[in-house]
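The next block is coords.pdb, given as PDB, C-alpha atoms and all ligand atoms.
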ATOM      1  CA  MET A   1     100.059 191.286  95.465  1.00  0.00           C
ATOM      2  CA  THR A   2      99.552 189.038  98.506  1.00  0.00           C
ATOM      3  CA  GLN A   3     102.794 187.917 100.074  1.00  0.00           C
ATOM      4  CA  ILE A   4     102.925 184.418 101.562  1.00  0.00           C
ATOM      5  CA  ARG A   5     105.022 184.491 104.717  1.00  0.00           C
ATOM      6  CA  LYS A   6     107.028 181.320 105.082  1.00  0.00           C
ATOM      7  CA  THR A   7     107.498 180.045 108.618  1.00  0.00           C
ATOM      8  CA  ARG A   8     110.895 178.550 109.220  1.00  0.00           C
ATOM      9  CA  LEU A   9     110.764 174.897 110.309  1.00  0.00           C
ATOM     10  CA  PRO A  10     113.110 173.038 112.683  1.00  0.00           C
ATOM     11  CA  ASN A  11     116.167 171.283 111.255  1.00  0.00           C
ATOM     12  CA  ASN A  12     115.740 167.716 109.977  1.00  0.00           C
ATOM     13  CA  PRO A  13     118.884 165.596 110.387  1.00  0.00           C
ATOM     14  CA  LYS A  14     119.605 162.554 108.249  1.00  0.00           C
ATOM     15  CA  PRO A  15     120.056 159.316 110.224  1.00  0.00           C
ATOM     16  CA  LYS A  16     123.288 159.439 112.270  1.00  0.00           C
ATOM     17  CA  GLN A  17     124.101 162.923 110.925  1.00  0.00           C
ATOM     18  CA  TRP A  18     124.374 164.356 114.442  1.00  0.00           C
ATOM     19  CA  LEU A  19     126.357 162.328 116.943  1.00  0.00           C
ATOM     20  CA  ALA A  20     126.864 163.051 120.624  1.00  0.00           C
ATOM     21  CA  LYS A  21     130.538 162.097 120.360  1.00  0.00           C
ATOM     22  CA  ASP A  22     131.076 164.979 117.892  1.00  0.00           C
ATOM     23  CA  ARG A  23     128.795 167.532 119.520  1.00  0.00           C
ATOM     24  CA  SER A  24     128.370 167.126 123.263  1.00  0.00           C
ATOM     25  CA  GLN A  25     130.527 169.158 125.630  1.00  0.00           C
ATOM     26  CA  GLN A  26     128.884 167.291 128.531  1.00  0.00           C
ATOM     27  CA  TYR A  27     127.544 170.581 129.858  1.00  0.00           C
ATOM     28  CA  ILE A  28     124.454 171.053 131.995  1.00  0.00           C
ATOM     29  CA  ALA A  29     122.112 174.011 131.599  1.00  0.00           C
ATOM     30  CA  SER A  30     120.241 173.385 134.836  1.00  0.00           C
ATOM     31  CA  TYR A  31     119.302 170.845 137.487  1.00  0.00           C
ATOM     32  CA  LYS A  32     115.858 171.142 139.089  1.00  0.00           C
ATOM     33  CA  PRO A  33     115.172 168.750 141.972  1.00  0.00           C
ATOM     34  CA  PHE A  34     111.698 168.104 143.372  1.00  0.00           C
ATOM     35  CA  ASN A  35     109.636 169.650 140.579  1.00  0.00           C
ATOM     36  CA  MET A  36     106.146 168.633 139.495  1.00  0.00           C
ATOM     37  CA  VAL A  37     106.037 169.823 135.895  1.00  0.00           C
ATOM     38  CA  ASP A  38     108.497 167.618 133.977  1.00  0.00           C
ATOM     39  CA  GLY A  39     106.416 164.447 133.948  1.00  0.00           C
ATOM     40  CA  GLU A  40     104.306 162.434 136.350  1.00  0.00           C
ATOM     41  CA  GLY A  41     104.755 162.941 140.103  1.00  0.00           C
ATOM     42  CA  VAL A  42     107.643 164.659 141.875  1.00  0.00           C
ATOM     43  CA  ARG A  43     110.768 164.555 139.711  1.00  0.00           C
ATOM     44  CA  CYS A  44     114.433 165.468 139.568  1.00  0.00           C
ATOM     45  CA  SER A  45     115.127 167.074 136.182  1.00  0.00           C
ATOM     46  CA  LEU A  46     118.443 167.408 134.408  1.00  0.00           C
ATOM     47  CA  TYR A  47     118.595 169.933 131.573  1.00  0.00           C
ATOM     48  CA  VAL A  48     121.563 169.113 129.333  1.00  0.00           C
ATOM     49  CA  SER A  49     123.135 171.735 127.046  1.00  0.00           C
ATOM     50  CA  GLY A  50     123.096 171.616 123.270  1.00  0.00           C
ATOM     51  CA  CYS A  51     120.445 171.002 120.636  1.00  0.00           C
ATOM     52  CA  LEU A  52     120.645 171.301 116.852  1.00  0.00           C
ATOM     53  CA  PHE A  53     116.956 171.167 115.944  1.00  0.00           C
ATOM     54  CA  ASN A  54     116.613 174.944 116.395  1.00  0.00           C
ATOM     55  CA  CYS A  55     112.807 174.863 116.604  1.00  0.00           C
ATOM     56  CA  PRO A  56     111.263 178.337 116.216  1.00  0.00           C
ATOM     57  CA  GLY A  57     109.649 179.126 119.568  1.00  0.00           C
ATOM     58  CA  CYS A  58     111.961 176.752 121.482  1.00  0.00           C
ATOM     59  CA  TYR A  59     111.110 176.932 125.196  1.00  0.00           C
ATOM     60  CA  ASN A  60     114.776 176.929 126.233  1.00  0.00           C
ATOM     61  CA  LYS A  61     116.779 178.619 123.471  1.00  0.00           C
ATOM     62  CA  VAL A  62     119.853 179.343 125.609  1.00  0.00           C
ATOM     63  CA  ALA A  63     120.261 175.596 126.146  1.00  0.00           C
ATOM     64  CA  GLN A  64     120.653 175.043 122.381  1.00  0.00           C
ATOM     65  CA  ASN A  65     124.286 176.100 122.909  1.00  0.00           C
ATOM     66  CA  PHE A  66     126.492 173.093 123.732  1.00  0.00           C
ATOM     67  CA  HIS A  67     128.745 175.327 125.870  1.00  0.00           C
ATOM     68  CA  TYR A  68     125.931 176.833 127.940  1.00  0.00           C
ATOM     69  CA  GLY A  69     125.991 176.292 131.706  1.00  0.00           C
ATOM     70  CA  HIS A  70     128.588 174.176 133.470  1.00  0.00           C
ATOM     71  CA  PRO A  71     130.221 170.747 133.103  1.00  0.00           C
ATOM     72  CA  TYR A  72     128.496 167.626 134.400  1.00  0.00           C
ATOM     73  CA  THR A  73     130.361 166.373 137.464  1.00  0.00           C
ATOM     74  CA  GLN A  74     130.476 163.373 139.773  1.00  0.00           C
ATOM     75  CA  GLU A  75     129.337 165.686 142.589  1.00  0.00           C
ATOM     76  CA  LEU A  76     126.216 166.657 140.672  1.00  0.00           C
ATOM     77  CA  GLU A  77     125.496 163.032 139.859  1.00  0.00           C
ATOM     78  CA  ASP A  78     125.820 162.069 143.528  1.00  0.00           C
ATOM     79  CA  GLN A  79     123.484 164.932 144.475  1.00  0.00           C
ATOM     80  CA  ILE A  80     120.893 163.788 141.928  1.00  0.00           C
ATOM     81  CA  ILE A  81     121.017 160.233 143.322  1.00  0.00           C
ATOM     82  CA  LYS A  82     120.721 161.576 146.876  1.00  0.00           C
ATOM     83  CA  ASP A  83     117.714 163.720 145.914  1.00  0.00           C
ATOM     84  CA  MET A  84     116.100 160.825 144.075  1.00  0.00           C
ATOM     85  CA  SER A  85     116.409 158.577 147.116  1.00  0.00           C
ATOM     86  CA  GLU A  86     113.648 160.593 148.802  1.00  0.00           C
ATOM     87  CA  SER A  87     110.614 158.327 148.912  1.00  0.00           C
ATOM     88  CA  TYR A  88     108.308 160.950 147.386  1.00  0.00           C
ATOM     89  CA  VAL A  89     110.436 161.322 144.236  1.00  0.00           C
ATOM     90  CA  GLN A  90     108.916 159.294 141.398  1.00  0.00           C
ATOM     91  CA  GLY A  91     111.802 159.572 138.977  1.00  0.00           C
ATOM     92  CA  LEU A  92     114.371 161.287 136.804  1.00  0.00           C
ATOM     93  CA  THR A  93     113.610 163.503 133.818  1.00  0.00           C
ATOM     94  CA  LEU A  94     116.115 164.234 131.058  1.00  0.00           C
ATOM     95  CA  LEU A  95     115.558 167.272 128.894  1.00  0.00           C
ATOM     96  CA  GLY A  96     117.477 170.195 127.541  1.00  0.00           C
ATOM     97  CA  GLY A  97     118.781 170.918 125.052  1.00  0.00           C
ATOM     98  CA  GLU A  98     118.778 167.499 123.502  1.00  0.00           C
ATOM     99  CA  PRO A  99     119.401 164.453 125.746  1.00  0.00           C
ATOM    100  CA  PHE A 100     120.146 162.241 122.724  1.00  0.00           C
ATOM    101  CA  LEU A 101     123.010 164.544 121.680  1.00  0.00           C
ATOM    102  CA  ASN A 102     124.378 164.275 125.214  1.00  0.00           C
ATOM    103  CA  THR A 103     124.316 160.525 125.626  1.00  0.00           C
ATOM    104  CA  GLN A 104     127.637 160.515 127.480  1.00  0.00           C
ATOM    105  CA  VAL A 105     125.925 162.264 130.383  1.00  0.00           C
ATOM    106  CA  CYS A 106     122.410 160.872 130.045  1.00  0.00           C
ATOM    107  CA  LEU A 107     123.391 157.243 129.570  1.00  0.00           C
ATOM    108  CA  ARG A 108     125.827 157.395 132.471  1.00  0.00           C
ATOM    109  CA  LEU A 109     123.162 158.852 134.744  1.00  0.00           C
ATOM    110  CA  ALA A 110     120.405 156.511 133.539  1.00  0.00           C
ATOM    111  CA  LYS A 111     122.639 153.489 134.229  1.00  0.00           C
ATOM    112  CA  ARG A 112     123.429 154.793 137.707  1.00  0.00           C
ATOM    113  CA  VAL A 113     119.724 155.341 138.441  1.00  0.00           C
ATOM    114  CA  ARG A 114     118.959 151.743 137.434  1.00  0.00           C
ATOM    115  CA  ARG A 115     121.892 150.468 139.518  1.00  0.00           C
ATOM    116  CA  GLU A 116     120.752 152.400 142.583  1.00  0.00           C
ATOM    117  CA  PHE A 117     116.977 152.123 142.295  1.00  0.00           C
ATOM    118  CA  GLY A 118     116.201 149.395 139.775  1.00  0.00           C
ATOM    119  CA  HIS A 119     112.714 150.079 138.437  1.00  0.00           C
ATOM    120  CA  THR A 120     111.383 151.603 141.669  1.00  0.00           C
ATOM    121  CA  LYS A 121     111.994 155.023 140.053  1.00  0.00           C
ATOM    122  CA  ASP A 122     111.092 155.842 136.463  1.00  0.00           C
ATOM    123  CA  ILE A 123     113.054 157.715 133.788  1.00  0.00           C
ATOM    124  CA  TRP A 124     111.420 160.139 131.367  1.00  0.00           C
ATOM    125  CA  SER A 125     113.149 161.945 128.515  1.00  0.00           C
ATOM    126  CA  TRP A 126     112.168 164.594 126.022  1.00  0.00           C
ATOM    127  CA  THR A 127     113.702 164.614 122.535  1.00  0.00           C
ATOM    128  CA  GLY A 128     113.419 166.530 119.283  1.00  0.00           C
ATOM    129  CA  TYR A 129     113.845 163.252 117.385  1.00  0.00           C
ATOM    130  CA  THR A 130     110.755 161.307 116.441  1.00  0.00           C
ATOM    131  CA  TRP A 131     110.505 157.673 117.461  1.00  0.00           C
ATOM    132  CA  ASP A 132     110.927 156.568 113.820  1.00  0.00           C
ATOM    133  CA  GLU A 133     114.072 158.684 113.482  1.00  0.00           C
ATOM    134  CA  LEU A 134     115.548 157.252 116.666  1.00  0.00           C
ATOM    135  CA  MET A 135     115.037 153.722 115.313  1.00  0.00           C
ATOM    136  CA  LYS A 136     117.569 154.602 112.550  1.00  0.00           C
ATOM    137  CA  GLU A 137     120.008 156.306 114.878  1.00  0.00           C
ATOM    138  CA  SER A 138     123.384 155.541 116.438  1.00  0.00           C
ATOM    139  CA  GLU A 139     123.973 152.842 119.060  1.00  0.00           C
ATOM    140  CA  ASP A 140     124.384 155.301 121.935  1.00  0.00           C
ATOM    141  CA  LYS A 141     120.969 156.824 121.213  1.00  0.00           C
ATOM    142  CA  LEU A 142     119.336 153.401 121.086  1.00  0.00           C
ATOM    143  CA  ALA A 143     121.126 152.446 124.297  1.00  0.00           C
ATOM    144  CA  LEU A 144     119.743 155.528 126.064  1.00  0.00           C
ATOM    145  CA  LEU A 145     116.271 154.742 124.761  1.00  0.00           C
ATOM    146  CA  SER A 146     116.500 151.249 126.264  1.00  0.00           C
ATOM    147  CA  TYR A 147     116.837 152.774 129.761  1.00  0.00           C
ATOM    148  CA  LEU A 148     113.736 154.956 129.476  1.00  0.00           C
ATOM    149  CA  ASP A 149     110.186 154.400 130.643  1.00  0.00           C
ATOM    150  CA  ILE A 150     108.676 157.367 128.824  1.00  0.00           C
ATOM    151  CA  LEU A 151     109.821 159.338 125.770  1.00  0.00           C
ATOM    152  CA  VAL A 152     108.172 162.581 124.683  1.00  0.00           C
ATOM    153  CA  ASP A 153     109.150 162.734 121.022  1.00  0.00           C
ATOM    154  CA  GLY A 154     109.334 165.208 118.168  1.00  0.00           C
ATOM    155  CA  ARG A 155     110.284 168.816 117.437  1.00  0.00           C
ATOM    156  CA  PHE A 156     108.295 171.684 118.834  1.00  0.00           C
ATOM    157  CA  LEU A 157     106.172 172.968 115.907  1.00  0.00           C
ATOM    158  CA  LEU A 158     104.811 176.482 116.353  1.00  0.00           C
ATOM    159  CA  ALA A 159     101.969 175.803 113.884  1.00  0.00           C
ATOM    160  CA  GLN A 160     100.746 173.003 116.158  1.00  0.00           C
ATOM    161  CA  LYS A 161     101.378 174.771 119.468  1.00  0.00           C
ATOM    162  CA  ASP A 162      98.776 173.882 122.106  1.00  0.00           C
ATOM    163  CA  LEU A 163      99.357 174.848 125.723  1.00  0.00           C
ATOM    164  CA  THR A 164      96.510 172.641 126.948  1.00  0.00           C
ATOM    165  CA  LEU A 165      98.368 169.430 126.104  1.00  0.00           C
ATOM    166  CA  GLN A 166      99.707 167.279 128.902  1.00  0.00           C
ATOM    167  CA  PHE A 167     103.528 167.544 129.186  1.00  0.00           C
ATOM    168  CA  ARG A 168     104.093 168.775 125.612  1.00  0.00           C
ATOM    169  CA  GLY A 169     103.988 171.980 123.651  1.00  0.00           C
ATOM    170  CA  SER A 170     102.725 170.986 120.193  1.00  0.00           C
ATOM    171  CA  ALA A 171     100.202 168.452 118.951  1.00  0.00           C
ATOM    172  CA  ASN A 172     102.717 166.444 116.873  1.00  0.00           C
ATOM    173  CA  GLN A 173     104.602 165.413 120.015  1.00  0.00           C
ATOM    174  CA  ARG A 174     103.710 162.097 121.671  1.00  0.00           C
ATOM    175  CA  ILE A 175     104.091 160.619 125.149  1.00  0.00           C
ATOM    176  CA  ILE A 176     105.416 157.155 124.367  1.00  0.00           C
ATOM    177  CA  ASP A 177     105.603 154.081 126.593  1.00  0.00           C
ATOM    178  CA  VAL A 178     109.138 152.978 125.714  1.00  0.00           C
ATOM    179  CA  PRO A 179     109.247 149.361 127.023  1.00  0.00           C
ATOM    180  CA  LYS A 180     105.920 148.504 125.347  1.00  0.00           C
ATOM    181  CA  SER A 181     106.964 150.219 122.117  1.00  0.00           C
ATOM    182  CA  LEU A 182     110.287 148.404 121.978  1.00  0.00           C
ATOM    183  CA  ALA A 183     108.601 145.078 122.770  1.00  0.00           C
ATOM    184  CA  THR A 184     105.984 145.439 120.030  1.00  0.00           C
ATOM    185  CA  ASN A 185     108.109 147.345 117.516  1.00  0.00           C
ATOM    186  CA  GLN A 186     105.481 150.059 117.186  1.00  0.00           C
ATOM    187  CA  VAL A 187     104.700 153.284 119.019  1.00  0.00           C
ATOM    188  CA  VAL A 188     102.530 152.634 122.084  1.00  0.00           C
ATOM    189  CA  ILE A 189     101.163 155.796 123.691  1.00  0.00           C
ATOM    190  CA  TRP A 190     101.333 156.207 127.494  1.00  0.00           C
ATOM    191  CA  ASP A 191      98.170 154.687 128.930  1.00  0.00           C
ATOM    192  CA  LYS A 192      97.671 157.607 131.346  1.00  0.00           C
ATOM    193  CA  LEU A 193      97.415 160.175 128.554  1.00  0.00           C
ATOM    194  CA  ARG A 194      94.511 162.539 129.189  1.00  0.00           C
ATOM    195  CA  ARG A 195      95.072 165.058 126.403  1.00  0.00           C
TER     196      ARG A 195
HETATM  197  S1  LIG B 201     114.115 170.060 120.170  1.00  0.00           S
HETATM  198 FE1  LIG B 201     113.503 171.077 122.090  1.00  0.00          FE
HETATM  199  S2  LIG B 201     115.379 172.011 122.883  1.00  0.00           S
HETATM  200 FE2  LIG B 201     115.751 171.501 120.742  1.00  0.00          FE
HETATM  201  S3  LIG B 201     115.277 173.386 119.628  1.00  0.00           S
HETATM  202 FE3  LIG B 201     113.433 172.122 119.632  1.00  0.00          FE
HETATM  203  S4  LIG B 201     112.246 172.819 121.409  1.00  0.00           S
HETATM  204 FE4  LIG B 201     114.343 173.578 121.657  1.00  0.00          FE
END
Structure re-expressed in structure tokens:
Amino acid sequence: MTQIRKTRLPNNPKPKQWLAKDRSQQYIASYKPFNMVDGEGVRCSLYVSGCLFNCPGCYNKVAQNFHYGHPYTQELEDQIIKDMSESYVQGLTLLGGEPFLNTQVCLRLAKRVRREFGHTKDIWSWTGYTWDELMKESEDKLALLSYLDILVDGRFLLAQKDLTLQFRGSANQRIIDVPKSLATNQVVIWDKLRR
């Protein structure tokens, strides 16, 4: 008899089921200044700790743990701002873990970046949530979204894995222009998307 092997899928939360205020320990898995892989141009990337989607094949499984790494500090924030002030740095990238389950850290940093640099630097974030899911989510998540320029949305799906895609691991994920999407109330894809 042929056995059908079932592939486990990522978790699917109900709207507002997972809240940063209940989950985040405000821990950081890693900070990578001056990298060229987490979005367009030279970027400073903050990897926050904790994610509940549990995607099979997750690229950063250790950072699913909310206690992984070390606490976010004022010193780290000041270092990020200092690094970002270099003229060749295009912007900040938030990833993890799940930035939208660490809004205490990500929102605080995004606000500081806007205070210091206005819109001369951009802010990208990755998330396991889809755009449609975020639209039904808690106020802190929507507030974080409002500070972003680009959102790469959706779980990593092994069945749709494609390493040739620009800035994402599986074909379901999208690179979304956040201001245009919020203004038109529909998903607008980044106009520099090549593949
Ligand atoms: S959403 Fe991202 S960080 Fe979270 S489990 Fe999936 S691949 Fe890993």
Apply the PyMOL selection byres (((not hetatm)) within 10 of (chain B and resi 201)) to the displayed file and report the matching residues as an MDAnalysis selection string. chainID A and resid 10:11 47:65 95:99 126:129 153:158 169:170
Counting all atoms listed in the file, what is within 7 Å of segment 18-26 of chain A, bar same-chain residues fewer than 2 positions away, as a PyMOL selection string? chain A and resi 13+16+28+50+66-67+71-72+101-105
Set the distance at 7 Å and use only C-alpha atoms: which residues neighbour Ser125 of chain A once local chain neighbours fewer than 4 positions away are removed? I'd like the list as a list of chain:residue names. A:Thr93, A:Leu94, A:Leu95, A:Ile150, A:Leu151, A:Val152
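Distances from A:Tyr68, A:Trp190, A:Tyr31, A:Phe117 to Ser85 of chain A were compared using all atoms listed in the file, and the smallest one belongs to A:Phe117.
Closest to Trp131 of chain A among A:Leu46, A:Val178, A:Ala171, A:Ile80 is A:Val178, based on all atoms listed in the file.
Distance-wise, atom CA of Met135 of chain A and atom CA of Ala183 of chain A end up 13.1 Å apart.
Atom pair atom CA of Arg108 of chain A / atom CA of Asp38 of chain A: separated by 20.2 Å.
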Spell out the residues picked by the PyMOL selection byres (((chain A and resi 35) around 12) and not hetatm) here, as a PyMOL selection string. chain A and resi 31-34+36-46+83-84+88-93
